[in-house]
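Here is model22.cif, consisting of mmCIF, C-alpha atoms:
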data_start
#
loop_
_atom_site.group_PDB
_atom_site.id
_atom_site.type_symbol
_atom_site.label_atom_id
_atom_site.label_comp_id
_atom_site.auth_asym_id
_atom_site.auth_seq_id
_atom_site.Cartn_x
_atom_site.Cartn_y
_atom_site.Cartn_z
ATOM 1 C CA MET M 179 0.000 0.000 0.000
ATOM 2 C CA ASP M 180 1.268 3.491 -0.848
ATOM 3 C CA ASP M 181 2.186 5.326 2.375
ATOM 4 C CA LYS M 182 1.071 8.617 0.804
ATOM 5 C CA ARG M 183 -2.409 7.295 0.037
ATOM 6 C CA GLY M 184 -3.931 8.353 3.354
ATOM 7 C CA ILE M 185 -2.221 11.774 3.255
ATOM 8 C CA SER M 186 -3.381 12.502 -0.293
ATOM 9 C CA LEU M 187 -6.887 11.430 0.662
ATOM 10 C CA PHE M 188 -7.142 14.185 3.283
ATOM 11 C CA HIS M 189 -5.997 16.754 0.726
ATOM 12 C CA ASN M 190 -8.656 15.620 -1.713
ATOM 13 C CA LYS M 191 -11.508 18.149 -2.090
ATOM 14 C CA SER M 192 -14.029 15.476 -3.074
ATOM 15 C CA PHE M 193 -13.182 13.558 0.119
ATOM 16 C CA TRP M 194 -14.139 16.529 2.310
ATOM 17 C CA THR M 195 -17.264 17.137 0.225
ATOM 18 C CA ARG M 196 -18.241 13.538 0.885
ATOM 19 C CA VAL M 197 -17.496 13.843 4.615
ATOM 20 C CA ILE M 198 -19.466 17.097 5.026
ATOM 21 C CA THR M 199 -22.462 15.773 3.073
ATOM 22 C CA GLY M 200 -22.356 12.519 5.044
ATOM 23 C CA GLY M 201 -22.274 14.428 8.321
ATOM 24 C CA ILE M 202 -25.301 16.515 7.349
ATOM 25 C CA ILE M 203 -27.220 13.394 6.279
ATOM 26 C CA LEU M 204 -26.351 11.692 9.566
ATOM 27 C CA LEU M 205 -27.497 14.658 11.648
ATOM 28 C CA LEU M 206 -30.778 14.960 9.736
ATOM 29 C CA LEU M 207 -31.462 11.239 10.064
ATOM 30 C CA ALA M 208 -30.678 11.371 13.779
ATOM 31 C CA LEU M 209 -33.215 14.167 14.184
ATOM 32 C CA ILE M 210 -35.788 12.231 12.139
ATOM 33 C CA PHE M 211 -35.204 9.052 14.159
ATOM 34 C CA ILE M 212 -35.664 10.960 17.407
ATOM 35 C CA ILE M 213 -38.876 12.650 16.256
ATOM 36 C CA GLY M 214 -40.191 9.526 14.523
ATOM 37 C CA TYR M 215 -43.824 8.914 13.605
ATOM 38 C CA ASP M 216 -45.374 11.185 10.937
ATOM 39 C CA VAL M 217 -42.203 13.192 10.272
ATOM 40 C CA MET M 218 -40.206 10.002 9.752
ATOM 41 C CA LEU M 219 -42.954 8.542 7.559
ATOM 42 C CA ILE M 220 -43.025 11.618 5.304
ATOM 43 C CA VAL M 221 -39.223 11.751 4.965
ATOM 44 C CA LEU M 222 -38.953 8.036 4.179
ATOM 45 C CA GLY M 223 -41.797 8.384 1.700
ATOM 46 C CA LEU M 224 -39.955 11.200 -0.083
ATOM 47 C CA LEU M 225 -36.687 9.248 -0.053
ATOM 48 C CA SER M 226 -38.458 6.236 -1.536
ATOM 49 C CA LEU M 227 -39.977 8.348 -4.323
ATOM 50 C CA ILE M 228 -36.546 9.766 -5.198
ATOM 51 C CA GLY M 229 -34.990 6.293 -5.080
ATOM 52 C CA ILE M 230 -37.710 4.907 -7.357
ATOM 53 C CA TRP M 231 -37.233 7.861 -9.706
ATOM 54 C CA GLU M 232 -33.491 7.144 -9.884
ATOM 55 C CA ILE M 233 -33.987 3.480 -10.768
ATOM 56 C CA TYR M 234 -36.729 4.229 -13.290
ATOM 57 C CA ARG M 235 -34.389 6.748 -14.914
ATOM 58 C CA VAL M 236 -31.537 4.245 -15.057
ATOM 59 C CA LYS M 237 -33.801 1.511 -16.500
ATOM 60 C CA ASN M 238 -35.394 3.905 -19.042
ATOM 61 C CA LEU M 239 -38.810 3.627 -17.418
ATOM 62 C CA LEU M 240 -39.168 7.245 -16.330
ATOM 63 C CA TRP M 241 -41.344 8.535 -19.167
ATOM 64 C CA LYS M 242 -43.404 5.371 -19.529
ATOM 65 C CA PRO M 243 -46.875 4.742 -18.029
ATOM 66 C CA PHE M 244 -45.365 2.104 -15.722
ATOM 67 C CA ALA M 245 -43.509 4.872 -13.881
ATOM 68 C CA ILE M 246 -46.768 6.724 -13.211
ATOM 69 C CA THR M 247 -48.439 3.620 -11.742
ATOM 70 C CA GLY M 248 -45.314 2.964 -9.657
ATOM 71 C CA PHE M 249 -45.205 6.468 -8.171
ATOM 72 C CA ILE M 250 -48.944 6.387 -7.380
ATOM 73 C CA ALA M 251 -48.629 2.959 -5.743
ATOM 74 C CA ASP M 252 -45.700 4.122 -3.589
ATOM 75 C CA ILE M 253 -47.581 7.222 -2.385
ATOM 76 C CA CYS M 254 -50.704 5.161 -1.602
ATOM 77 C CA TYR M 255 -48.586 2.600 0.228
ATOM 78 C CA TYR M 256 -47.053 5.202 2.565
ATOM 79 C CA VAL M 257 -50.477 6.696 3.232
ATOM 80 C CA LEU M 258 -51.832 3.261 4.143
ATOM 81 C CA ILE M 259 -49.020 2.259 6.507
ATOM 82 C CA ARG M 260 -49.723 5.422 8.493
ATOM 83 C CA PHE M 261 -52.774 3.448 9.654
ATOM 84 C CA TYR M 262 -50.918 0.134 10.050
ATOM 85 C CA ASP M 263 -52.859 -0.674 13.234
ATOM 86 C CA TRP M 264 -56.251 -0.459 11.533
ATOM 87 C CA GLU M 265 -58.180 -3.681 11.114
ATOM 88 C CA TYR M 266 -57.658 -5.223 7.663
ATOM 89 C CA CYS M 267 -54.878 -2.735 6.821
ATOM 90 C CA SER M 268 -52.606 -5.577 5.688
ATOM 91 C CA LEU M 269 -55.377 -6.751 3.344
ATOM 92 C CA TYR M 270 -55.640 -3.253 1.874
ATOM 93 C CA LEU M 271 -51.886 -3.236 1.257
ATOM 94 C CA VAL M 272 -52.040 -6.546 -0.589
ATOM 95 C CA PHE M 273 -54.975 -5.245 -2.622
ATOM 96 C CA LEU M 274 -52.999 -2.096 -3.481
ATOM 97 C CA PHE M 275 -50.254 -4.127 -5.125
ATOM 98 C CA ALA M 276 -52.836 -6.302 -6.865
ATOM 99 C CA ILE M 277 -54.222 -3.109 -8.418
ATOM 100 C CA LEU M 278 -50.693 -2.040 -9.423
ATOM 101 C CA VAL M 279 -50.077 -5.354 -11.198
ATOM 102 C CA ILE M 280 -53.467 -5.283 -12.922
ATOM 103 C CA ALA M 281 -52.941 -1.675 -14.074
ATOM 104 C CA ASP M 282 -49.518 -2.523 -15.502
ATOM 105 C CA ILE M 283 -50.905 -5.591 -17.279
ATOM 106 C CA ILE M 284 -53.622 -3.463 -18.913
ATOM 107 C CA ILE M 285 -51.000 -0.916 -20.019
ATOM 108 C CA PHE M 286 -48.790 -3.705 -21.361
ATOM 109 C CA ILE M 287 -51.629 -5.149 -23.456
ATOM 110 C CA ALA M 288 -52.968 -1.766 -24.614
ATOM 111 C CA LYS M 289 -49.525 -0.652 -25.805
ATOM 112 C CA TYR M 290 -48.292 -4.031 -27.066
ATOM 113 C CA PRO M 291 -45.640 -4.493 -28.429
ATOM 114 C CA GLU M 292 -44.299 -1.047 -27.470
ATOM 115 C CA TYR M 293 -43.247 -2.148 -23.972
ATOM 116 C CA THR M 294 -41.469 -5.277 -22.784
ATOM 117 C CA LEU M 295 -42.197 -7.612 -19.890
ATOM 118 C CA ALA M 296 -39.040 -6.241 -18.254
ATOM 119 C CA ASP M 297 -40.670 -2.785 -18.218
ATOM 120 C CA LEU M 298 -43.727 -4.174 -16.434
ATOM 121 C CA THR M 299 -41.885 -6.285 -13.879
ATOM 122 C CA GLY M 300 -39.338 -3.506 -13.334
ATOM 123 C CA SER M 301 -42.092 -1.119 -12.305
ATOM 124 C CA VAL M 302 -43.600 -3.445 -9.685
ATOM 125 C CA PHE M 303 -40.248 -4.723 -8.399
ATOM 126 C CA THR M 304 -38.814 -1.224 -7.894
ATOM 127 C CA VAL M 305 -41.747 -0.108 -5.735
ATOM 128 C CA ILE M 306 -41.350 -3.191 -3.528
ATOM 129 C CA TYR M 307 -37.548 -3.038 -3.474
ATOM 130 C CA VAL M 308 -37.242 0.650 -2.587
ATOM 131 C CA GLY M 309 -40.618 1.775 -1.240
ATOM 132 C CA VAL M 310 -41.692 -1.244 0.794
ATOM 133 C CA LEU M 311 -38.311 -2.331 2.161
ATOM 134 C CA LEU M 312 -37.345 1.196 3.223
ATOM 135 C CA SER M 313 -40.691 1.613 5.019
ATOM 136 C CA PHE M 314 -39.685 -1.049 7.546
ATOM 137 C CA LEU M 315 -37.602 1.620 9.289
ATOM 138 C CA TYR M 316 -40.810 3.498 10.070
ATOM 139 C CA LEU M 317 -42.641 0.308 11.050
ATOM 140 C CA ALA M 318 -39.763 -0.581 13.375
ATOM 141 C CA ARG M 319 -39.703 2.911 14.903
ATOM 142 C CA VAL M 320 -43.390 2.849 15.915
ATOM 143 C CA HIS M 321 -43.048 -0.528 17.674
ATOM 144 C CA ALA M 322 -42.019 -1.052 21.276
ATOM 145 C CA TRP M 323 -38.222 -0.649 21.627
ATOM 146 C CA GLY M 324 -38.136 0.633 18.046
ATOM 147 C CA ALA M 325 -36.821 4.006 19.203
ATOM 148 C CA TYR M 326 -33.609 2.214 20.234
ATOM 149 C CA LEU M 327 -33.405 -0.560 17.663
ATOM 150 C CA VAL M 328 -33.862 1.680 14.626
ATOM 151 C CA TRP M 329 -30.377 3.135 15.170
ATOM 152 C CA LEU M 330 -28.926 -0.294 14.418
ATOM 153 C CA ALA M 331 -29.845 0.276 10.759
ATOM 154 C CA MET M 332 -27.219 3.000 10.546
ATOM 155 C CA LEU M 333 -24.614 0.986 12.435
ATOM 156 C CA ALA M 334 -25.258 -2.089 10.277
ATOM 157 C CA SER M 335 -25.055 -0.194 6.997
ATOM 158 C CA TRP M 336 -22.816 2.864 7.279
ATOM 159 C CA GLY M 337 -20.808 1.568 10.244
ATOM 160 C CA CYS M 338 -20.143 -1.603 8.288
ATOM 161 C CA ASP M 339 -19.124 0.472 5.237
ATOM 162 C CA ILE M 340 -16.508 2.366 7.250
ATOM 163 C CA PHE M 341 -14.954 -0.747 8.803
ATOM 164 C CA ALA M 342 -15.112 -2.625 5.498
ATOM 165 C CA TYR M 343 -13.274 0.222 3.767
ATOM 166 C CA LEU M 344 -10.576 0.365 6.462
ATOM 167 C CA GLY M 345 -10.248 -3.420 6.626
ATOM 168 C CA GLY M 346 -10.056 -3.729 2.870
ATOM 169 C CA MET M 347 -7.477 -0.946 2.596
ATOM 170 C CA LEU M 348 -5.262 -2.445 5.326
ATOM 171 C CA PHE M 349 -5.692 -6.201 4.853
ATOM 172 C CA GLY M 350 -7.613 -6.731 1.605
ATOM 173 C CA LYS M 351 -6.147 -9.433 -0.654
ATOM 174 C CA HIS M 352 -8.897 -11.806 -1.762
ATOM 175 C CA LYS M 353 -11.357 -10.268 -4.221
ATOM 176 C CA ILE M 354 -15.025 -11.252 -4.064
ATOM 177 C CA PHE M 355 -17.654 -10.417 -6.701
ATOM 178 C CA PRO M 356 -15.010 -8.641 -8.875
ATOM 179 C CA ALA M 357 -17.456 -8.435 -11.787
ATOM 180 C CA ILE M 358 -19.710 -6.189 -9.680
ATOM 181 C CA SER M 359 -17.355 -4.413 -7.294
ATOM 182 C CA PRO M 360 -13.647 -4.882 -8.123
ATOM 183 C CA LYS M 361 -12.450 -3.262 -4.880
ATOM 184 C CA LYS M 362 -14.460 -5.464 -2.506
ATOM 185 C CA THR M 363 -12.381 -8.036 -0.631
ATOM 186 C CA LEU M 364 -13.180 -10.883 1.740
ATOM 187 C CA GLU M 365 -11.072 -9.248 4.443
ATOM 188 C CA GLY M 366 -12.956 -5.984 4.027
ATOM 189 C CA CYS M 367 -16.337 -7.707 4.308
ATOM 190 C CA ILE M 368 -15.308 -9.557 7.463
ATOM 191 C CA SER M 369 -13.958 -6.321 8.956
ATOM 192 C CA GLY M 370 -17.248 -4.601 8.169
ATOM 193 C CA ILE M 371 -19.373 -7.292 9.807
ATOM 194 C CA VAL M 372 -17.183 -7.508 12.912
ATOM 195 C CA GLY M 373 -16.945 -3.721 13.119
ATOM 196 C CA ALA M 374 -20.727 -3.374 12.941
ATOM 197 C CA GLY M 375 -21.024 -5.902 15.779
ATOM 198 C CA ILE M 376 -18.540 -3.963 17.921
ATOM 199 C CA LEU M 377 -20.410 -0.689 17.323
ATOM 200 C CA ALA M 378 -23.683 -2.400 18.256
ATOM 201 C CA PHE M 379 -22.112 -3.769 21.450
ATOM 202 C CA ILE M 380 -20.931 -0.288 22.475
ATOM 203 C CA TYR M 381 -24.348 1.129 21.622
ATOM 204 C CA ALA M 382 -25.989 -1.643 23.690
ATOM 205 C CA LEU M 383 -23.896 -0.679 26.721
ATOM 206 C CA ILE M 384 -25.069 2.926 26.339
ATOM 207 C CA VAL M 385 -28.719 1.859 26.029
ATOM 208 C CA ASN M 386 -28.329 -0.494 28.990
ATOM 209 C CA SER M 387 -27.145 2.402 31.161
ATOM 210 C CA ILE M 388 -30.236 4.538 30.483
ATOM 211 C CA VAL M 389 -33.062 2.036 29.826
ATOM 212 C CA GLU M 390 -34.165 -0.652 32.256
ATOM 213 C CA ASP M 391 -36.920 -2.295 30.194
ATOM 214 C CA ILE M 392 -34.608 -3.754 27.546
ATOM 215 C CA THR M 393 -32.718 -6.878 28.585
ATOM 216 C CA HIS M 394 -30.018 -8.964 26.898
ATOM 217 C CA GLU M 395 -29.364 -6.132 24.435
ATOM 218 C CA VAL M 396 -25.576 -6.623 24.679
ATOM 219 C CA ILE M 397 -26.184 -9.962 22.946
ATOM 220 C CA ILE M 398 -29.186 -9.122 20.772
ATOM 221 C CA PHE M 399 -27.954 -5.810 19.324
ATOM 222 C CA PRO M 400 -24.626 -7.147 17.957
ATOM 223 C CA ILE M 401 -26.348 -10.205 16.450
ATOM 224 C CA VAL M 402 -29.002 -8.047 14.772
ATOM 225 C CA CYS M 403 -26.392 -5.567 13.580
ATOM 226 C CA MET M 404 -24.085 -8.221 12.136
ATOM 227 C CA ALA M 405 -26.983 -9.946 10.363
ATOM 228 C CA GLY M 406 -28.027 -6.566 8.983
ATOM 229 C CA ALA M 407 -24.454 -5.869 7.864
ATOM 230 C CA VAL M 408 -24.410 -9.058 5.793
ATOM 231 C CA LEU M 409 -27.661 -8.162 4.059
ATOM 232 C CA GLY M 410 -26.521 -4.560 3.712
ATOM 233 C CA MET M 411 -23.520 -5.744 1.706
ATOM 234 C CA PHE M 412 -25.815 -7.619 -0.646
ATOM 235 C CA GLY M 413 -27.889 -4.459 -0.958
ATOM 236 C CA ASP M 414 -24.779 -2.509 -1.904
ATOM 237 C CA LEU M 415 -23.738 -5.163 -4.429
ATOM 238 C CA PHE M 416 -27.217 -5.304 -5.958
ATOM 239 C CA ALA M 417 -27.377 -1.534 -6.433
ATOM 240 C CA SER M 418 -23.840 -1.614 -7.901
ATOM 241 C CA ALA M 419 -24.840 -4.400 -10.301
ATOM 242 C CA ILE M 420 -27.719 -2.278 -11.621
ATOM 243 C CA LYS M 421 -25.358 0.654 -12.178
ATOM 244 C CA ARG M 422 -22.759 -1.539 -13.858
ATOM 245 C CA GLN M 423 -25.338 -2.941 -16.268
ATOM 246 C CA ALA M 424 -26.518 0.588 -17.040
ATOM 247 C CA GLY M 425 -22.941 1.832 -17.467
ATOM 248 C CA ILE M 426 -23.197 4.674 -14.935
ATOM 249 C CA LYS M 427 -21.136 5.703 -11.904
ATOM 250 C CA ASP M 428 -23.899 7.199 -9.714
ATOM 251 C CA TYR M 429 -27.695 7.071 -9.740
ATOM 252 C CA SER M 430 -27.872 10.872 -9.638
ATOM 253 C CA ASN M 431 -26.008 13.869 -8.209
ATOM 254 C CA ILE M 432 -28.534 14.881 -5.534
ATOM 255 C CA LEU M 433 -26.061 14.299 -2.684
ATOM 256 C CA PRO M 434 -22.685 16.024 -3.317
ATOM 257 C CA GLY M 435 -19.853 13.523 -2.995
ATOM 258 C CA HIS M 436 -22.224 10.584 -2.600
ATOM 259 C CA GLY M 437 -24.301 10.534 -5.779
ATOM 260 C CA GLY M 438 -27.974 9.744 -5.410
ATOM 261 C CA ILE M 439 -30.316 8.421 -2.755
ATOM 262 C CA MET M 440 -29.769 4.869 -4.027
ATOM 263 C CA ASP M 441 -25.996 5.328 -3.807
ATOM 264 C CA ARG M 442 -26.268 6.272 -0.134
ATOM 265 C CA PHE M 443 -29.202 4.125 1.015
ATOM 266 C CA ASP M 444 -28.610 0.957 -1.018
ATOM 267 C CA SER M 445 -27.479 -1.029 2.033
ATOM 268 C CA VAL M 446 -30.024 0.581 4.399
ATOM 269 C CA ILE M 447 -32.855 -0.712 2.200
ATOM 270 C CA LEU M 448 -31.992 -4.372 2.849
ATOM 271 C CA VAL M 449 -31.079 -3.767 6.498
ATOM 272 C CA SER M 450 -34.493 -2.232 7.317
ATOM 273 C CA PRO M 451 -36.500 -5.516 7.355
ATOM 274 C CA VAL M 452 -33.897 -7.033 9.713
ATOM 275 C CA ILE M 453 -34.415 -4.194 12.191
ATOM 276 C CA TYR M 454 -38.188 -4.566 11.941
ATOM 277 C CA ALA M 455 -37.928 -8.321 12.537
ATOM 278 C CA ALA M 456 -35.804 -7.612 15.635
ATOM 279 C CA THR M 457 -38.471 -5.297 17.077
ATOM 280 C CA ILE M 458 -41.141 -7.975 16.534
ATOM 281 C CA LEU M 459 -38.998 -10.695 18.127
ATOM 282 C CA MET M 460 -38.199 -8.497 21.130
ATOM 283 C CA ARG M 461 -41.871 -7.708 21.546
ATOM 284 C CA ILE M 462 -42.677 -11.449 21.557
ATOM 285 C CA TRP M 463 -39.741 -12.083 23.918
ATOM 286 C CA HIS M 464 -41.117 -9.641 26.484
#
Write-out of the structure in structure tokens:
Amino acid sequence: MDDKRGISLFHNKSFWTRVITGGIILLLLALIFIIGYDVMLIVLGLLSLIGIWEIYRVKNLLWKPFAITGFIADICYYVLIRFYDWEYCSLYLVFLFAILVIADIIIFIAKYPEYTLADLTGSVFTVIYVGVLLSFLYLARVHAWGAYLVWLAMLASWGCDIFAYLGGMLFGKHKIFPAISPKKTLEGCISGIVGAGILAFIYALIVNSIVEDITHEVIIFPIVCMAGAVLGMFGDLFASAIKRQAGIKDYSNILPGHGGIMDRFDSVILVSPVIYAATILMRIWH
């Protein structure tokens, strides 16, 4: 490794742009996590719409009718989960996606052969992949202990990224998934997972000192965080694979130094269901 690499990095303007933008994002998310509820729902809904827009743009779906049905479905979904505790709400959600599929099928037939099956399936999949999976952060936050567990999403995704980068830079030798991400190494991935677990353990000690109702968190938090880190890596690889197929570097330039929402939240999307599952399991446990 070049000894000057770390020094040159700190003199790189784009590095500091990335750090400043990342710090602002982290502070805003911290505020949103603390407030929770409707504010968090609205912000996540907006993030999901931007993420869906970025993927539709990359997959050339943006100006097609499938994009319109996808955006409408995502907005309706976030409105419905605001009333997640209503009777039959889950049935309404299933029905919503049934309507989305039926609408896309009608468009596909009416415009045949102008659009492909990939256009249709891409519309439905993107709403589920970005909109639904990201919403689990909100669903976790409104559950018992969610106010504490939701922070694990950041530790499992961005904490893992930091340790994976450092581990890969210091010890990385064995490449994994080089066709998708040439710089990813086995050593970096292991460092990221272990690092996320260590951060979760420290966080658990802090929570344990101020909250009496949560028990065994020094064991549960690291396990949840490490499991989330593994899935977060797959989320990062999946988003990178889409970009590589499309021949682009970033999804957009909304976030200076980071690219788009999908560039920054690709791992968070797959971590979110893990955090939600943890809140459900802890609720059952207690």
For this session: Determine, counting only C-alpha atoms, which protein, DNA and RNA residues have an atom within 8 Å of an atom of Tyr234 (chain M); residues of the same chain fewer than 3 positions away are not included. Present the result as a PyMOL selection string.
Result: chain M and resi 230-231+237-240+245+301+304
Exercise. Closest to Tyr255 (chain M) among M:Ile401, M:Ile228, M:Leu312, M:Leu204, using only C-alpha atoms?
Worked result: M:Leu312
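In this model, the gap between CA of Ile280 (chain M) and CA of Arg260 (chain M) comes to 24.2 Å.
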For this session: Using the chain letters and numbering of this document, enumerate as a PyMOL selection string the residues selected by the PyMOL selection byres ((chain M and resi 456) around 12).
Result: chain M and resi 314-315+317-319+321-324+326-328+330-331+395+398-403+405-406+449-455+457-463
Exercise. CA of Met440 (chain M) and CA of Gly200 (chain M) are how many Å apart?
Worked result: 14.0 Å
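Our summary of the geometry notes that CA of Trp329 (chain M) is positioned 21.8 Å from CA of Leu344 (chain M).
Distance check against Ile220 (chain M) using all atoms listed in the file: of M:Tyr316, M:Asp441, M:Leu333, M:Val308, the minimum falls on M:Tyr316.
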Problem set entry | Hits from the PyMOL selection byres ((chain M and resi 254) around 12), listed as an MDAnalysis selection string | chainID M and resid 223 227 247:253 255:261 270:275 277:278 305 309:310
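If you measure from each of M:Val236, M:Ala382, M:Gly366, M:Thr299 to Gly425 (chain M) using only C-alpha atoms, the closest one turns out to be M:Val236.
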For this session: Tell me which protein, DNA and RNA residues are within 9 Å of Tyr343 (chain M), counting all atoms listed in the file, leaving out same-chain ones fewer than 5 positions away, and put them as number ranges by chain.
Result: M: 338, 348, 362, 366-367, 369-370
Exercise. Near Lys427 (chain M), within 12 Å and counting all atoms listed in the file, which residues show up once chain neighbours fewer than 2 positions away are dropped, as a count of residues only?
Worked result: 20
Edge lengths and centre in Å to one decimal, as lines of an AutoDock Vina configuration file, is what I'm after for the box along x, y and z that holds all listed atoms of region 207-220 of chain M once 5 Å is added on each side.
center_x = -38.0
center_y = 11.4
center_z = 11.4
size_x = 24.7
size_y = 15.6
size_z = 22.1
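Comparing the minimum interatomic distances between Trp241 (chain M) and each of M:Tyr293, M:Phe379, M:Tyr307, M:Phe443, counting only C-alpha atoms, we find that M:Tyr293 sits nearest.
Between Gly413 (chain M) and the residues M:Gly375, M:Pro434, M:His394, M:Asp339, the shortest atom-to-atom distance, using all atoms listed in the file, involves M:Asp339.
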For this session: Spell out the residues picked by the PyMOL selection byres ((chain M and resi 363) around 9) here, as a list of chain:residue names.
Result: M:Ala342, M:Gly345, M:Gly346, M:Phe349, M:Gly350, M:Lys351, M:His352, M:Lys353, M:Ile354, M:Phe355, M:Pro356, M:Pro360, M:Lys361, M:Lys362, M:Leu364, M:Glu365, M:Gly366, M:Cys367, M:Ile368
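With distances restricted to only C-alpha atoms, M:Val320 is the closest residue to Ile213 (chain M) from M:Val320, M:Ala378, M:Ile371, M:Val446.
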